[in-house]
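What follows is the content of protein06.txt, which has compact mmCIF, C-alpha atoms:
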```
# COMPACT_ATOMS: atom_id res chain seq x y z
CA MET Q 1203 150.98 268.86 174.36
CA THR Q 1204 153.24 266.05 173.18
CA THR Q 1205 151.89 263.90 170.35
CA VAL Q 1206 152.66 260.28 169.53
CA GLU Q 1207 154.58 261.53 166.50
CA ASP Q 1208 156.66 263.81 168.76
CA ASP Q 1209 157.45 260.90 171.06
CA LEU Q 1210 158.37 258.61 168.16
CA LYS Q 1211 160.76 261.25 166.77
CA ARG Q 1212 162.35 261.75 170.19
CA ILE Q 1213 162.73 258.00 170.76
CA ALA Q 1214 164.35 257.61 167.32
CA GLU Q 1215 166.79 260.35 168.37
CA GLN Q 1216 167.42 258.55 171.68
CA GLU Q 1217 168.17 255.31 169.84
CA LYS Q 1218 170.63 257.14 167.60
CA VAL Q 1219 172.39 259.19 170.28
CA LEU Q 1220 172.51 256.54 173.01
CA SER Q 1221 174.98 254.34 171.20
CA PHE Q 1222 178.19 252.97 172.70
CA ASP Q 1223 181.63 252.85 171.09
CA ALA Q 1224 182.03 249.43 172.72
CA PHE Q 1225 179.94 247.39 175.15
CA ASP Q 1226 181.10 244.36 177.12
CA LEU Q 1227 180.28 242.51 180.32
CA VAL Q 1228 181.94 245.15 182.48
CA THR Q 1229 179.91 247.89 180.79
CA ALA Q 1230 176.75 245.82 181.27
CA TRP Q 1231 177.49 245.49 184.98
CA GLN Q 1232 178.13 249.24 185.29
CA LEU Q 1233 174.83 250.04 183.56
CA GLY Q 1234 172.91 247.57 185.69
CA LYS Q 1235 174.52 248.83 188.89
CA LEU Q 1236 173.70 252.43 187.92
CA LEU Q 1237 170.04 251.51 187.41
CA GLN Q 1238 170.05 249.60 190.71
CA GLU Q 1239 171.48 252.64 192.51
CA LEU Q 1240 168.95 255.01 190.91
CA GLY Q 1241 166.11 252.67 191.82
CA THR Q 1242 167.32 252.22 195.39
CA GLU Q 1243 167.86 255.96 195.97
CA ARG Q 1244 164.36 256.71 194.64
CA LYS Q 1245 162.76 253.73 196.43
CA LEU Q 1246 161.44 252.32 193.16
CA GLY Q 1247 160.06 248.80 193.03
CA ILE Q 1248 161.69 247.85 189.73
CA ALA Q 1249 163.23 244.86 188.04
CA ILE Q 1250 166.34 245.54 185.96
CA ASP Q 1251 167.56 243.25 183.19
CA ILE Q 1252 170.44 243.45 180.74
CA MET Q 1253 170.90 240.92 177.94
CA LEU Q 1254 173.68 240.65 175.40
CA HIS Q 1255 172.64 238.61 172.40
CA SER Q 1256 170.87 235.70 174.11
CA MET Q 1257 172.97 235.81 177.29
CA PRO Q 1258 171.67 237.33 180.54
CA VAL Q 1259 174.39 239.54 182.03
CA PHE Q 1260 172.62 241.51 184.79
CA TYR Q 1261 169.41 241.13 186.75
CA ALA Q 1262 168.22 242.84 189.91
CA ALA Q 1263 164.85 242.98 191.64
CA LEU Q 1264 164.33 245.79 194.11
CA PRO Q 1265 161.82 245.71 196.97
CA GLY Q 1266 158.29 245.90 195.57
CA VAL Q 1267 158.91 243.74 192.51
CA THR Q 1268 156.53 240.85 191.91
CA PRO Q 1269 156.75 237.76 189.69
CA ASP Q 1270 154.66 239.70 187.15
CA ASN Q 1271 157.59 242.08 186.63
CA VAL Q 1272 159.80 239.16 185.63
CA GLN Q 1273 157.34 238.32 182.86
CA TRP Q 1274 157.00 241.95 181.77
CA VAL Q 1275 160.79 242.17 181.49
CA ARG Q 1276 160.92 239.02 179.36
CA ARG Q 1277 158.09 240.13 177.06
CA LYS Q 1278 159.39 243.69 176.57
CA ARG Q 1279 162.95 242.42 176.02
CA ASN Q 1280 161.72 239.93 173.42
CA LEU Q 1281 160.22 242.78 171.41
CA VAL Q 1282 163.46 244.79 171.44
CA LEU Q 1283 165.54 241.78 170.47
CA ARG Q 1284 163.11 241.04 167.63
CA TYR Q 1285 162.93 244.55 166.13
CA PHE Q 1286 166.08 246.28 167.53
CA LYS Q 1287 163.95 249.25 168.66
CA SER Q 1288 162.61 250.52 171.95
CA SER Q 1289 159.60 248.58 173.21
CA TYR Q 1290 157.88 251.90 173.90
CA ALA Q 1291 158.39 253.12 170.31
CA ILE Q 1292 157.03 249.85 168.97
CA GLY Q 1293 154.01 250.08 171.26
CA LEU Q 1294 153.30 253.71 170.32
CA ASP Q 1295 153.64 252.93 166.63
CA LEU Q 1296 151.33 249.90 166.84
CA LYS Q 1297 148.72 251.87 168.80
CA ALA Q 1298 148.84 254.75 166.29
CA LYS Q 1299 148.21 252.25 163.49
CA GLY Q 1300 145.45 250.44 165.41
CA LYS Q 1301 147.52 247.26 165.41
CA THR Q 1302 148.71 244.74 167.99
CA VAL Q 1303 151.69 242.40 168.19
CA ALA Q 1304 149.32 239.62 167.10
CA ASP Q 1305 148.89 241.44 163.77
CA ASN Q 1306 152.60 240.76 163.24
CA GLY Q 1307 152.16 237.08 164.07
CA LEU Q 1308 153.51 237.41 167.61
CA ALA Q 1309 151.92 236.06 170.79
CA ASP Q 1310 150.92 238.50 173.54
CA ALA Q 1311 152.24 235.94 176.01
CA ASP Q 1312 155.75 236.45 174.62
CA TYR Q 1313 155.86 240.05 173.36
CA ALA Q 1314 154.80 243.22 175.21
CA PRO Q 1315 154.69 246.52 173.29
CA HIS Q 1316 155.05 248.57 176.48
CA GLY Q 1317 157.76 250.98 177.54
CA GLY Q 1318 160.82 249.96 179.48
CA SER Q 1319 163.10 248.00 177.20
CA PHE Q 1320 165.70 249.79 175.11
CA PRO Q 1321 168.22 248.47 172.58
CA ILE Q 1322 171.89 248.45 173.47
CA ASN Q 1323 173.46 249.80 170.30
CA VAL Q 1324 177.14 249.82 169.40
CA LYS Q 1325 178.37 252.23 166.74
CA GLY Q 1326 179.16 250.41 163.52
CA THR Q 1327 177.46 247.23 164.74
CA GLY Q 1328 173.88 248.01 165.76
CA CYS Q 1329 171.80 246.31 168.42
CA ILE Q 1330 173.73 243.79 170.51
CA GLY Q 1331 171.28 243.46 173.40
CA SER Q 1332 168.78 245.23 175.59
CA VAL Q 1333 168.36 247.01 178.90
CA THR Q 1334 164.93 246.59 180.48
CA VAL Q 1335 163.17 248.19 183.43
CA SER Q 1336 159.81 247.04 184.77
CA GLY Q 1337 157.72 248.18 187.72
CA LEU Q 1338 156.71 251.75 186.91
CA PRO Q 1339 154.20 253.14 184.43
CA GLN Q 1340 155.58 252.33 180.97
CA ARG Q 1341 156.66 255.88 180.13
CA ASP Q 1342 158.57 256.07 183.42
CA ASP Q 1343 160.21 252.67 182.81
CA HIS Q 1344 161.34 253.98 179.41
CA ASN Q 1345 162.59 257.30 180.83
CA LEU Q 1346 164.58 255.54 183.57
CA ALA Q 1347 166.36 253.31 181.06
CA VAL Q 1348 167.12 256.36 178.90
CA GLU Q 1349 168.36 258.30 181.94
CA ALA Q 1350 170.85 255.57 182.86
CA LEU Q 1351 172.10 255.29 179.28
CA ALA Q 1352 172.48 259.08 179.03
CA LEU Q 1353 174.43 259.15 182.28
CA MET Q 1354 176.70 256.30 181.13
CA LEU Q 1355 177.34 258.00 177.80
CA ALA Q 1356 177.58 261.58 179.19
CA LYS Q 1357 174.71 262.78 177.00
CA ASP Q 1358 172.33 265.67 177.74
CA LEU Q 1359 169.38 263.97 179.45
CA ASP Q 1360 167.16 267.06 179.27
CA ALA Q 1361 167.52 267.07 175.48
CA LEU Q 1362 166.67 263.35 175.27
CA ARG Q 1363 164.00 262.67 177.92
CA LEU Q 1364 160.37 262.33 176.89
CA ALA Q 1365 158.27 265.16 178.30
```

Will you turn the file into C-alpha cells for me?
Amino acid sequence: MTTVEDDLKRIAEQEKVLSFDAFDLVTAWQLGKLLQELGTERKLGIAIDIMLHSMPVFYAALPGVTPDNVQWVRRKRNLVLRYFKSSYAIGLDLKAKGKTVADNGLADADYAPHGGSFPINVKGTGCIGSVTVSGLPQRDDHNLAVEALALMLAKDLDALRLA
C-alpha cells in the first residue's frame, strides 16, 4: 500500500524530472493541446489551464465541465504559483501535518490544496508557471497533468506515475 510519504517522494521526483530546457508560448500551446486531446479521447469532463507567470496562455473546457471547475483551477493554480510545488503535494503535506491553508494565512476561497496543478519548471530557472487540470478526482487530475508532461518531455511515465 502506498503511503503519503511514498507519494510525496514520488511527487518530488516528478517535479525534478519533469523540467523543460526551455518553455515558451508555443510549448504551452502544445502541452494544452495534448491535454485537450487526451481528455477528448478519454471523454473526460475536464478544464485545462496553463499560466506563465501571471499570463494565461491556454484554457480549454471539455464537455462536462461546470463553473465550479473554473474556480478549482484558479484556486489550485494559486497554490502552485505561491509555493512552486504541486498542489497535490502541498495538500498531502498539509493533511499529514493536520494543517490547512488557513494555518499559513491563506484563504480557502483563493487556495485549494487538491491535486491537479503542477509547476512548469525550466532547468536553471525554476518555476515559471503552472499546468492545471480539474474535473476528475484529485489524484487523477494530478496523474493526467504528469502524464502530459512526461509525454512532452519523453520521460518514462510508468516510473513517474503515482500508483

Exercise for the section: Please provide the set of residues having any atom within 10 Å of range 1337-1346 of chain Q, restricted to all atoms listed in the file, with same-chain residues fewer than 2 positions apart removed, written as a ChimeraX atom specification. Expected result: /Q:1213,1237,1240-1241,1246-1250,1263-1264,1266-1268,1270-1272,1274-1275,1288-1291,1315-1320,1333-1335,1348-1352,1359,1362-1365

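Distance check against Asp1208 in chain Q using all atoms listed in the file: of Q:Asp1295, Q:Ala1309, Q:Cys1329, Q:Leu1220, the minimum falls on Q:Asp1295.
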
Fill in the blank from the handout: Ile1252 in chain Q proximity check over Q:Asp1305, Q:Asp1226, Q:Glu1207, Q:Glu1239, using all atoms listed in the file: winner is Q:Asp1226

Practice task
Could you tell me which of Q:Thr1302, Q:Gln1273, Q:Ser1256, Q:Ser1332 comes closest to Tyr1285 in chain Q if we count only C-alpha atoms?
Solution key: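 Using only C-alpha atoms, Tyr1285 in chain Q sits closest to Q:Ser1332.
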
Completion exercise
As a check of understanding: the span from CA of Ala1262 in chain Q to CA of Gly1234 in chain Q is 7.9 Å

Problem - Which of Q:Val1219, Q:Leu1233, Q:Leu1254, Q:Ala1298 sits closest to Val1206 in chain Q [using all atoms listed in the file] - result: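 So, comparing all the options, the nearest one is Q:Ala1298.
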
Exercise for the section: Tell me which of Q:Lys1287, Q:Lys1278, Q:Lys1325, Q:Gly1331 sits closest to Asp1310 in chain Q, counting all atoms listed in the file. Expected result: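 Closest candidate: Q:Lys1278.
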
Handout entry: Non-local contacts of Val1303 in chain Q (10 Å; all atoms listed in the file; under 4 positions in same chain excluded) as a list of chain:residue names
Key = Q:Leu1281, Q:Ile1292, Q:Gly1293, Q:Leu1296, Q:Lys1297, Q:Gly1307, Q:Leu1308, Q:Ala1309, Q:Asp1310, Q:Asp1312, Q:Tyr1313, Q:Ala1314, Q:Pro1315

Put the listed atoms of range 1355-1365 of chain Q in a box along x, y and z with 5 Å added on every side and give me the centre and edge lengths in Å to one decimal, as lines of an AutoDock Vina configuration file.
```
center_x = 167.9
center_y = 262.5
center_z = 177.4
size_x = 29.3
size_y = 19.1
size_z = 14.2
```

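Separating CA of Ile1322 in chain Q from CA of Ala1224 in chain Q is a distance of 10.2 Å.
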
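The two atoms in question, CA of Asn1323 in chain Q and CA of Ser1221 in chain Q, are spaced 4.9 Å apart.
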